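Source file: model-v5.txt. Holds: compact mmCIF, C-alpha atoms.
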```txt
# COMPACT_ATOMS: atom_id res chain seq x y z
CA MET G 1221 14.16 -18.85 42.70
CA SER G 1222 15.25 -16.54 45.49
CA ARG G 1223 15.98 -12.86 44.98
CA ALA G 1224 19.66 -13.56 45.74
CA THR G 1225 19.94 -16.06 42.88
CA PRO G 1226 20.56 -14.41 39.51
CA ILE G 1227 18.40 -15.39 36.57
CA ARG G 1228 20.73 -17.25 34.23
CA VAL G 1229 19.98 -16.11 30.68
CA ALA G 1230 20.92 -17.66 27.36
CA LEU G 1231 21.05 -15.00 24.66
CA ILE G 1232 19.80 -16.31 21.32
CA GLY G 1233 20.97 -14.15 18.44
CA LEU G 1234 24.07 -11.98 18.73
CA GLY G 1235 23.42 -9.15 16.32
CA LYS G 1236 23.36 -5.38 16.71
CA ILE G 1237 20.47 -5.14 19.18
CA ALA G 1238 21.93 -7.88 21.37
CA ARG G 1239 25.36 -6.26 21.53
CA ASP G 1240 24.14 -2.68 21.83
CA GLN G 1241 21.36 -3.23 24.37
CA HIS G 1242 20.89 -6.70 25.85
CA LEU G 1243 24.48 -7.41 26.86
CA PRO G 1244 25.01 -4.05 28.64
CA ALA G 1245 21.60 -4.24 30.36
CA MET G 1246 22.29 -7.70 31.75
CA ALA G 1247 25.83 -6.80 32.79
CA ALA G 1248 24.54 -3.83 34.79
CA ASP G 1249 21.80 -5.74 36.65
CA PRO G 1250 22.88 -8.16 39.41
CA ARG G 1251 19.58 -10.00 39.05
CA PHE G 1252 20.89 -11.49 35.79
CA GLU G 1253 23.78 -13.64 34.72
CA LEU G 1254 24.62 -14.31 31.07
CA ALA G 1255 24.98 -18.08 30.92
CA ALA G 1256 25.45 -18.83 27.21
CA VAL G 1257 25.11 -17.48 23.69
CA VAL G 1258 23.42 -19.13 20.72
CA SER G 1259 24.34 -17.71 17.32
CA ARG G 1260 25.04 -19.04 13.86
CA HIS G 1261 27.37 -16.19 12.97
CA ALA G 1262 29.06 -14.82 16.10
CA GLN G 1263 30.54 -15.75 19.48
CA GLN G 1264 30.97 -14.08 22.85
CA ASP G 1265 34.33 -14.53 24.53
CA GLY G 1266 34.40 -16.18 27.94
CA LEU G 1267 31.05 -17.93 27.59
CA PRO G 1268 29.71 -21.22 26.26
CA ASN G 1269 28.74 -20.60 22.63
CA PHE G 1270 26.40 -22.78 20.60
CA HIS G 1271 25.34 -22.91 16.97
CA ASP G 1272 21.71 -23.66 17.82
CA LEU G 1273 19.32 -24.12 20.72
CA ASP G 1274 19.43 -27.90 20.36
CA GLY G 1275 23.13 -27.83 21.12
CA LEU G 1276 22.62 -25.66 24.19
CA LEU G 1277 19.84 -27.84 25.59
CA ALA G 1278 21.93 -30.98 25.04
CA SER G 1279 25.06 -29.48 26.61
CA GLY G 1280 24.06 -29.52 30.26
CA VAL G 1281 24.80 -25.79 30.64
CA ALA G 1282 22.45 -24.52 33.35
CA PHE G 1283 20.17 -21.61 32.47
CA ASP G 1284 16.74 -20.35 33.50
CA ALA G 1285 15.60 -18.12 30.65
CA VAL G 1286 16.28 -17.11 27.07
CA ALA G 1287 16.32 -13.66 25.49
CA LEU G 1288 15.38 -14.05 21.84
CA CYS G 1289 17.08 -11.51 19.57
CA THR G 1290 16.65 -13.32 16.27
CA PRO G 1291 14.66 -12.05 13.27
CA PRO G 1292 10.94 -12.50 13.97
CA GLN G 1293 10.41 -15.11 11.26
CA VAL G 1294 12.21 -17.82 13.28
CA ARG G 1295 11.31 -16.66 16.77
CA HIS G 1296 8.20 -18.77 17.40
CA ALA G 1297 9.86 -22.17 17.00
CA LEU G 1298 12.77 -21.19 19.25
CA ALA G 1299 10.53 -19.67 21.92
CA ARG G 1300 8.25 -22.70 21.95
CA GLN G 1301 11.24 -25.03 22.24
CA ALA G 1302 12.57 -23.02 25.18
CA LEU G 1303 9.19 -22.97 26.95
CA GLU G 1304 8.78 -26.71 26.46
CA ALA G 1305 12.21 -27.12 28.06
CA GLY G 1306 10.97 -25.20 31.11
CA LYS G 1307 12.68 -21.86 30.40
CA HIS G 1308 11.28 -18.35 30.78
CA VAL G 1309 11.30 -16.34 27.55
CA MET G 1310 11.92 -12.68 26.71
CA LEU G 1311 10.91 -11.83 23.14
CA GLU G 1312 12.52 -8.93 21.29
CA LYS G 1313 10.04 -6.77 19.43
CA PRO G 1314 8.03 -7.62 17.43
CA PRO G 1315 7.19 -10.66 19.54
CA GLY G 1316 6.48 -12.80 16.48
CA ALA G 1317 5.82 -12.78 12.78
CA THR G 1318 2.08 -13.27 13.35
CA LEU G 1319 -0.48 -12.77 16.09
CA SER G 1320 -1.28 -16.48 16.07
CA GLU G 1321 2.33 -17.34 16.90
CA VAL G 1322 2.35 -15.06 19.93
CA GLU G 1323 -0.99 -16.39 21.17
CA ASP G 1324 0.35 -19.95 20.93
CA LEU G 1325 3.38 -18.99 23.01
CA ARG G 1326 1.16 -17.28 25.57
CA GLN G 1327 -0.89 -20.44 25.98
CA VAL G 1328 2.21 -22.65 26.34
CA ALA G 1329 3.74 -20.32 28.96
CA LEU G 1330 0.47 -20.22 30.89
CA ALA G 1331 0.08 -24.00 30.86
CA ARG G 1332 3.64 -24.50 32.12
CA GLY G 1333 3.66 -21.70 34.69
CA LEU G 1334 6.49 -19.85 32.94
CA THR G 1335 7.11 -16.18 32.25
CA LEU G 1336 6.71 -14.88 28.70
CA GLN G 1337 7.50 -11.22 28.08
CA ALA G 1338 6.66 -9.44 24.83
CA THR G 1339 9.03 -6.50 25.07
CA TRP G 1340 8.15 -3.02 23.81
CA HIS G 1341 11.28 -1.09 24.71
CA SER G 1342 10.03 2.30 23.49
CA ARG G 1343 7.32 2.30 26.18
CA TYR G 1344 10.17 2.66 28.68
CA ALA G 1345 11.58 5.79 27.06
CA PRO G 1346 11.97 8.33 29.88
CA ALA G 1347 9.36 10.88 28.77
CA VAL G 1348 6.54 8.44 27.97
CA ALA G 1349 5.22 8.09 31.53
CA PRO G 1350 5.32 11.88 32.20
CA ALA G 1351 3.51 12.44 28.90
CA ARG G 1352 0.80 9.96 29.85
CA ASP G 1353 0.40 11.68 33.21
CA TRP G 1354 0.11 15.11 31.54
CA LEU G 1355 -2.60 13.85 29.18
CA ALA G 1356 -4.74 12.48 32.02
CA GLY G 1357 -8.05 14.31 32.20
CA LYS G 1358 -7.49 16.35 29.04
CA ALA G 1359 -9.67 16.19 25.92
CA ILE G 1360 -7.58 15.04 22.96
CA THR G 1361 -8.55 16.59 19.64
CA ALA G 1362 -5.93 15.06 17.29
CA ALA G 1363 -2.67 13.11 17.27
CA ARG G 1364 0.12 12.70 14.74
CA ILE G 1365 2.99 10.22 14.56
CA LEU G 1366 6.08 11.00 12.46
CA TRP G 1367 8.53 8.10 12.54
CA LYS G 1368 11.16 8.50 9.83
CA GLU G 1369 14.63 6.99 9.78
CA ASP G 1370 17.25 5.68 7.36
CA VAL G 1371 17.19 1.89 7.04
CA ARG G 1372 20.73 1.99 5.64
CA VAL G 1373 21.96 3.41 8.96
CA TRP G 1374 19.88 1.37 11.40
CA HIS G 1375 19.57 -1.97 9.57
CA PRO G 1376 22.60 -2.26 7.29
CA GLY G 1377 22.67 -5.52 5.34
CA GLN G 1378 19.69 -6.98 7.19
CA ASP G 1379 17.81 -8.54 4.28
CA TRP G 1380 15.38 -10.33 6.62
CA ILE G 1381 13.62 -7.03 7.30
CA TRP G 1382 12.38 -6.95 3.67
CA GLU G 1383 11.06 -10.52 3.68
CA PRO G 1384 7.54 -11.60 4.72
CA GLY G 1385 7.36 -11.34 8.50
CA GLY G 1386 10.23 -8.85 8.61
CA LEU G 1387 7.74 -5.93 8.62
CA GLY G 1388 9.83 -3.48 6.59
CA VAL G 1389 9.23 0.08 7.81
CA PHE G 1390 6.92 -1.29 10.49
CA ASP G 1391 9.97 -2.68 12.31
CA PRO G 1392 10.72 0.83 13.62
CA GLY G 1393 7.11 1.98 13.16
CA ILE G 1394 5.88 -0.59 15.65
CA ASN G 1395 7.92 1.28 18.28
CA ALA G 1396 5.77 4.35 17.66
CA LEU G 1397 2.62 2.24 17.87
CA SER G 1398 3.84 0.73 21.14
CA ILE G 1399 4.13 4.22 22.61
CA ALA G 1400 0.80 5.38 21.19
CA THR G 1401 -1.09 2.38 22.58
CA ALA G 1402 0.37 3.10 26.02
CA LEU G 1403 0.04 6.88 25.81
CA LEU G 1404 -3.41 7.57 24.37
CA PRO G 1405 -6.28 7.01 26.80
CA ARG G 1406 -8.71 5.28 24.42
CA PRO G 1407 -8.38 2.37 21.96
CA PHE G 1408 -7.94 3.42 18.35
CA PHE G 1409 -8.61 1.65 15.08
CA LEU G 1410 -7.21 1.76 11.56
CA THR G 1411 -9.49 3.27 8.92
CA GLN G 1412 -7.13 3.42 5.94
CA ALA G 1413 -3.53 2.74 5.01
CA THR G 1414 -1.22 3.18 2.04
CA LEU G 1415 1.88 0.97 1.95
CA GLN G 1416 4.73 1.71 -0.45
CA VAL G 1417 6.53 -1.52 -1.36
CA PRO G 1418 9.74 -1.40 -3.44
CA GLU G 1419 9.42 -3.36 -6.66
CA ASN G 1420 12.31 -5.61 -5.62
CA ARG G 1421 11.19 -6.19 -2.01
CA GLN G 1422 8.27 -7.81 -0.20
CA SER G 1423 7.74 -5.43 2.74
CA PRO G 1424 6.90 -1.70 2.77
CA ILE G 1425 9.50 1.03 2.79
CA ALA G 1426 6.95 3.71 3.76
CA ALA G 1427 3.42 3.81 5.15
CA ASP G 1428 0.69 6.38 5.65
CA LEU G 1429 -1.91 5.36 8.24
CA ARG G 1430 -5.15 6.88 9.46
CA PHE G 1431 -6.85 5.89 12.71
CA VAL G 1432 -9.75 7.05 14.85
CA ASP G 1433 -10.33 6.35 18.52
CA THR G 1434 -13.60 5.34 20.15
CA VAL G 1435 -14.92 8.91 20.16
CA GLY G 1436 -13.77 9.73 16.62
CA THR G 1437 -10.50 11.54 17.38
CA PRO G 1438 -8.29 11.51 14.27
CA ILE G 1439 -4.83 9.95 14.58
CA ALA G 1440 -2.39 10.01 11.65
CA ALA G 1441 0.92 8.17 11.29
CA GLU G 1442 3.66 8.57 8.69
CA PHE G 1443 6.45 5.99 8.56
CA ASP G 1444 9.43 6.33 6.21
CA PHE G 1445 12.54 4.15 5.90
CA LEU G 1446 14.47 6.51 3.57
CA GLN G 1447 14.82 9.57 5.79
CA THR G 1448 18.10 11.40 5.27
CA GLY G 1449 19.55 14.06 7.55
CA PRO G 1450 17.91 14.39 10.97
CA GLN G 1451 15.85 11.36 11.93
CA SER G 1452 12.28 11.86 13.17
CA TRP G 1453 10.77 9.89 16.03
CA ASP G 1454 7.98 12.21 17.16
CA ILE G 1455 4.43 11.95 18.50
CA GLU G 1456 2.29 15.10 18.70
CA VAL G 1457 -1.00 15.33 20.59
CA ASP G 1458 -3.38 18.31 20.52
CA THR G 1459 -5.59 18.78 23.58
CA ASP G 1460 -7.91 21.32 25.16
CA GLY G 1461 -5.10 22.09 27.60
CA GLY G 1462 -2.25 22.59 25.14
CA ALA G 1463 -0.06 20.74 22.66
CA LEU G 1464 2.17 17.83 23.65
CA ARG G 1465 5.15 16.59 21.68
CA LEU G 1466 7.28 13.55 22.39
CA SER G 1467 10.54 13.68 20.46
CA HIS G 1468 13.69 11.57 20.09
CA GLY G 1469 11.71 8.34 20.38
CA GLY G 1470 10.11 9.35 23.67
CA SER G 1471 13.18 10.77 25.40
CA ARG G 1472 12.03 14.40 25.42
CA LEU G 1473 8.66 15.90 26.34
CA TRP G 1474 7.58 19.31 25.04
CA ILE G 1475 4.46 21.20 26.14
CA ASP G 1476 3.40 24.14 23.98
CA GLY G 1477 6.91 24.29 22.52
CA ALA G 1478 8.75 24.25 25.87
CA LEU G 1479 10.98 21.33 26.87
CA VAL G 1480 9.67 20.09 30.23
CA HIS G 1481 11.24 16.63 30.61
CA GLU G 1482 14.45 15.06 29.35
CA GLN G 1483 16.48 12.13 30.67
CA PRO G 1484 19.08 9.76 29.25
CA GLU G 1485 17.72 6.69 27.50
CA ALA G 1486 17.46 3.60 29.74
CA GLU G 1487 14.91 1.46 27.96
CA TYR G 1488 16.59 -1.93 28.11
CA PRO G 1489 17.61 -1.76 31.77
CA SER G 1490 13.92 -1.08 32.46
CA LEU G 1491 12.89 -4.04 30.30
CA TYR G 1492 15.18 -6.36 32.22
CA ALA G 1493 13.98 -4.98 35.54
CA ARG G 1494 10.42 -5.76 34.42
CA PHE G 1495 11.45 -9.27 33.33
CA ALA G 1496 12.96 -9.92 36.78
CA GLU G 1497 9.72 -8.76 38.42
CA LEU G 1498 7.62 -11.02 36.19
CA VAL G 1499 9.78 -14.07 36.86
CA ALA G 1500 9.69 -13.45 40.62
CA ALA G 1501 5.90 -13.10 40.53
CA GLY G 1502 5.33 -16.04 38.19
CA GLN G 1503 3.56 -13.80 35.67
CA SER G 1504 3.69 -12.96 31.96
CA ASP G 1505 3.26 -9.75 29.96
CA VAL G 1506 2.09 -10.45 26.42
CA ASP G 1507 0.46 -7.31 25.05
CA VAL G 1508 0.07 -7.61 21.27
CA SER G 1509 -1.79 -4.35 20.58
CA PRO G 1510 1.10 -2.75 18.58
CA LEU G 1511 1.47 -5.88 16.44
CA ARG G 1512 -2.30 -6.01 15.91
CA HIS G 1513 -2.22 -2.51 14.40
CA VAL G 1514 0.52 -3.63 12.01
CA ALA G 1515 -1.49 -6.71 11.04
CA ASP G 1516 -4.49 -4.45 10.37
CA ALA G 1517 -2.35 -2.27 8.11
CA PHE G 1518 -1.25 -5.26 6.05
CA LEU G 1519 -4.85 -6.49 5.89
CA LEU G 1520 -6.49 -3.16 5.03
CA GLY G 1521 -3.66 -1.29 3.35
CA ARG G 1522 -3.53 -0.28 -0.29
CA ARG G 1523 -0.19 -1.32 -1.76
CA VAL G 1524 1.64 1.03 -4.08
CA VAL G 1525 4.73 -0.05 -6.02
CA ALA G 1526 7.76 2.06 -5.10
CA PRO G 1527 11.13 2.29 -6.88
CA ALA G 1528 13.54 -0.55 -6.24
CA PHE G 1529 15.51 -0.29 -3.03
CA VAL G 1530 19.27 -0.72 -3.35
CA GLU G 1531 21.32 -0.40 -0.20
```
What would you get if you wrote out this structure as structure tokens?
Amino acid sequence: MSRATPIRVALIGLGKIARDQHLPAMAADPRFELAAVVSRHAQQDGLPNFHDLDGLLASGVAFDAVALCTPPQVRHALARQALEAGKHVMLEKPPGATLSEVEDLRQVALARGLTLQATWHSRYAPAVAPARDWLAGKAITAARILWKEDVRVWHPGQDWIWEPGGLGVFDPGINALSIATALLPRPFFLTQATLQVPENRQSPIAADLRFVDTVGTPIAAEFDFLQTGPQSWDIEVDTDGGALRLSHGGSRLWIDGALVHEQPEAEYPSLYARFAELVAAGQSDVDVSPLRHVADAFLLGRRVVAPAFVE
């Protein structure tokens, strides 16, 4: 595929994230062309629309790649079907319901010479790279993650998020872990976790996590899905050269209380730019480290029954 030929993308799943982020990002990038939409519940005017991927593949509509914006529980089967049909695949976060699913997709993409991208959009928040550069060479003494938002605002009516594989509060919390795994210079490991699970749900509504890195640096994370008022998406890092704070999901960088970097959010345009680079190079990007930390929390975590959640 030449640089002058747009990558024709079929968007699978037409919910909030697809409308808010994927459609505008593709529309603004001449390297992409939206070729079709697959959705059981919605349609996009002016495009071929299909109820399922089988219908799209049987239609003869030409496309090169799929962007999967479905709930994670059904993502593996659709991604595998697309790869087996010779299509590149972009996976919304989390890239799958389990680590084994993502590893299977990685192997299929590798065997077929196709691009598979596990997307971690928060890593492209504008202050993340400057924060990583500032931390270089400094001794880190502690880190704290405070990721607290209101599920009723950000996931209204999305019952899948409370089902097995939906991750509950780890759906936003995995964004924090994606930043932390890119930001902190050493690997870190879970030592304990407490997961609060509503008595009428199957996934946690809050989580308290404790990690240490390879030299024993303590890292704490607090996730909450019932935050009211101002929402908190902050990462704080103490070092021998001062205190760093990433706020607003990685959009603002503070050093010793002073704002030193702020730019408008452009995460999804950056994701699509990266996808175009991967396709052109014939490569994949399938980092599962944030999902592995979530899996560890479910494996090691102590579950506490919380009051029933009613939206």
Checklist entry - Leaving out region 1402-1419 of chain G and any residue of its chain fewer than 2 positions from it, which residues lie within 9 Å of it when counting only C-alpha atoms, given as an MDAnalysis selection string? => result chainID G and resid 1343 1348:1349 1351:1353 1355:1356 1360 1388 1397:1400 1421:1437 1439 1457 1513 1516:1518 1520:1529
Item to check | Within 10 Å of file point (26.9, -9.8, 12.7), counting all atoms listed in the file, expressed as a PyMOL selection string | outcome: chain G and resi 1233-1236+1239+1259-1263+1377-1378
Filtering to C-alpha atoms, could you give me those residues as a JSON list (two decimals), in the frame of the given file?
```
[["chain", "number", "residue", "atom", "x", "y", "z"],
["G", 1233, "GLY", "CA", 20.97, -14.15, 18.44],
["G", 1234, "LEU", "CA", 24.07, -11.98, 18.73],
["G", 1235, "GLY", "CA", 23.42, -9.15, 16.32],
["G", 1236, "LYS", "CA", 23.36, -5.38, 16.71],
["G", 1239, "ARG", "CA", 25.36, -6.26, 21.53],
["G", 1259, "SER", "CA", 24.34, -17.71, 17.32],
["G", 1260, "ARG", "CA", 25.04, -19.04, 13.86],
["G", 1261, "HIS", "CA", 27.37, -16.19, 12.97],
["G", 1262, "ALA", "CA", 29.06, -14.82, 16.10],
["G", 1263, "GLN", "CA", 30.54, -15.75, 19.48],
["G", 1377, "GLY", "CA", 22.67, -5.52, 5.34],
["G", 1378, "GLN", "CA", 19.69, -6.98, 7.19]]
```
Checklist entry - Which is closer to Glu1482 (chain G) than all the others in G:Arg1295, G:Ala1329, G:Ala1362, G:Ala1345, using all atoms listed in the file? => result G:Ala1345
At a cut-off of 12 Å, using only C-alpha atoms, what residues contact Tyr1492 (chain G)? Leave out same-chain residues fewer than 2 positions from it and give the result as an mmCIF file with C-alpha atoms, in the coordinates of the input.
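Result file follows (selection-v6.cif):
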```
data_model
loop_
_atom_site.group_PDB
_atom_site.id
_atom_site.type_symbol
_atom_site.label_atom_id
_atom_site.label_comp_id
_atom_site.auth_asym_id
_atom_site.auth_seq_id
_atom_site.Cartn_x
_atom_site.Cartn_y
_atom_site.Cartn_z
ATOM 1 C CA ILE G 1227 18.400 -15.390 36.570
ATOM 2 C CA VAL G 1229 19.980 -16.110 30.680
ATOM 3 C CA GLN G 1241 21.360 -3.230 24.370
ATOM 4 C CA HIS G 1242 20.890 -6.700 25.850
ATOM 5 C CA LEU G 1243 24.480 -7.410 26.860
ATOM 6 C CA PRO G 1244 25.010 -4.050 28.640
ATOM 7 C CA ALA G 1245 21.600 -4.240 30.360
ATOM 8 C CA MET G 1246 22.290 -7.700 31.750
ATOM 9 C CA ALA G 1247 25.830 -6.800 32.790
ATOM 10 C CA ALA G 1248 24.540 -3.830 34.790
ATOM 11 C CA ASP G 1249 21.800 -5.740 36.650
ATOM 12 C CA PRO G 1250 22.880 -8.160 39.410
ATOM 13 C CA ARG G 1251 19.580 -10.000 39.050
ATOM 14 C CA PHE G 1252 20.890 -11.490 35.790
ATOM 15 C CA GLU G 1253 23.780 -13.640 34.720
ATOM 16 C CA ALA G 1285 15.600 -18.120 30.650
ATOM 17 C CA VAL G 1286 16.280 -17.110 27.070
ATOM 18 C CA ALA G 1287 16.320 -13.660 25.490
ATOM 19 C CA VAL G 1309 11.300 -16.340 27.550
ATOM 20 C CA MET G 1310 11.920 -12.680 26.710
ATOM 21 C CA LEU G 1311 10.910 -11.830 23.140
ATOM 22 C CA GLU G 1312 12.520 -8.930 21.290
ATOM 23 C CA GLN G 1337 7.500 -11.220 28.080
ATOM 24 C CA ALA G 1338 6.660 -9.440 24.830
ATOM 25 C CA THR G 1339 9.030 -6.500 25.070
ATOM 26 C CA TRP G 1340 8.150 -3.020 23.810
ATOM 27 C CA HIS G 1341 11.280 -1.090 24.710
ATOM 28 C CA TYR G 1344 10.170 2.660 28.680
ATOM 29 C CA ALA G 1486 17.460 3.600 29.740
ATOM 30 C CA GLU G 1487 14.910 1.460 27.960
ATOM 31 C CA TYR G 1488 16.590 -1.930 28.110
ATOM 32 C CA PRO G 1489 17.610 -1.760 31.770
ATOM 33 C CA SER G 1490 13.920 -1.080 32.460
ATOM 34 C CA ARG G 1494 10.420 -5.760 34.420
ATOM 35 C CA PHE G 1495 11.450 -9.270 33.330
ATOM 36 C CA ALA G 1496 12.960 -9.920 36.780
ATOM 37 C CA GLU G 1497 9.720 -8.760 38.420
ATOM 38 C CA LEU G 1498 7.620 -11.020 36.190
ATOM 39 C CA VAL G 1499 9.780 -14.070 36.860
#
```
Next on the checklist: From the options G:Gln1301, G:Ser1452, G:Asn1395, G:Asn1420, which residue's atoms come nearest to Asp1370 (chain G), counting all atoms listed in the file?
Outcome noted: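 Between G:Gln1301, G:Ser1452, G:Asn1395, G:Asn1420, the residue approaching Asp1370 (chain G) most closely is G:Ser1452.
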Item to check | Distance query Asp1476 (chain G) at most 12 Å, all atoms listed in the file, self and fewer than 5 positions along chain excluded, as a ChimeraX atom specification | outcome: /G:1456-1466
Item to check | CA of Ile1394 (chain G) to CA of Arg1332 (chain G), distance in Å rounded to a single decimal | outcome: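 According to the coordinates, CA of Ile1394 (chain G) and CA of Arg1332 (chain G) are separated by 29.1 Å.
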Item to check | Coordinates-based distance that separates CA of Ile1232 (chain G) from CA of Val1371 (chain G) (Å, one decimal) | outcome: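 These two atoms are separated by 23.3 Å.
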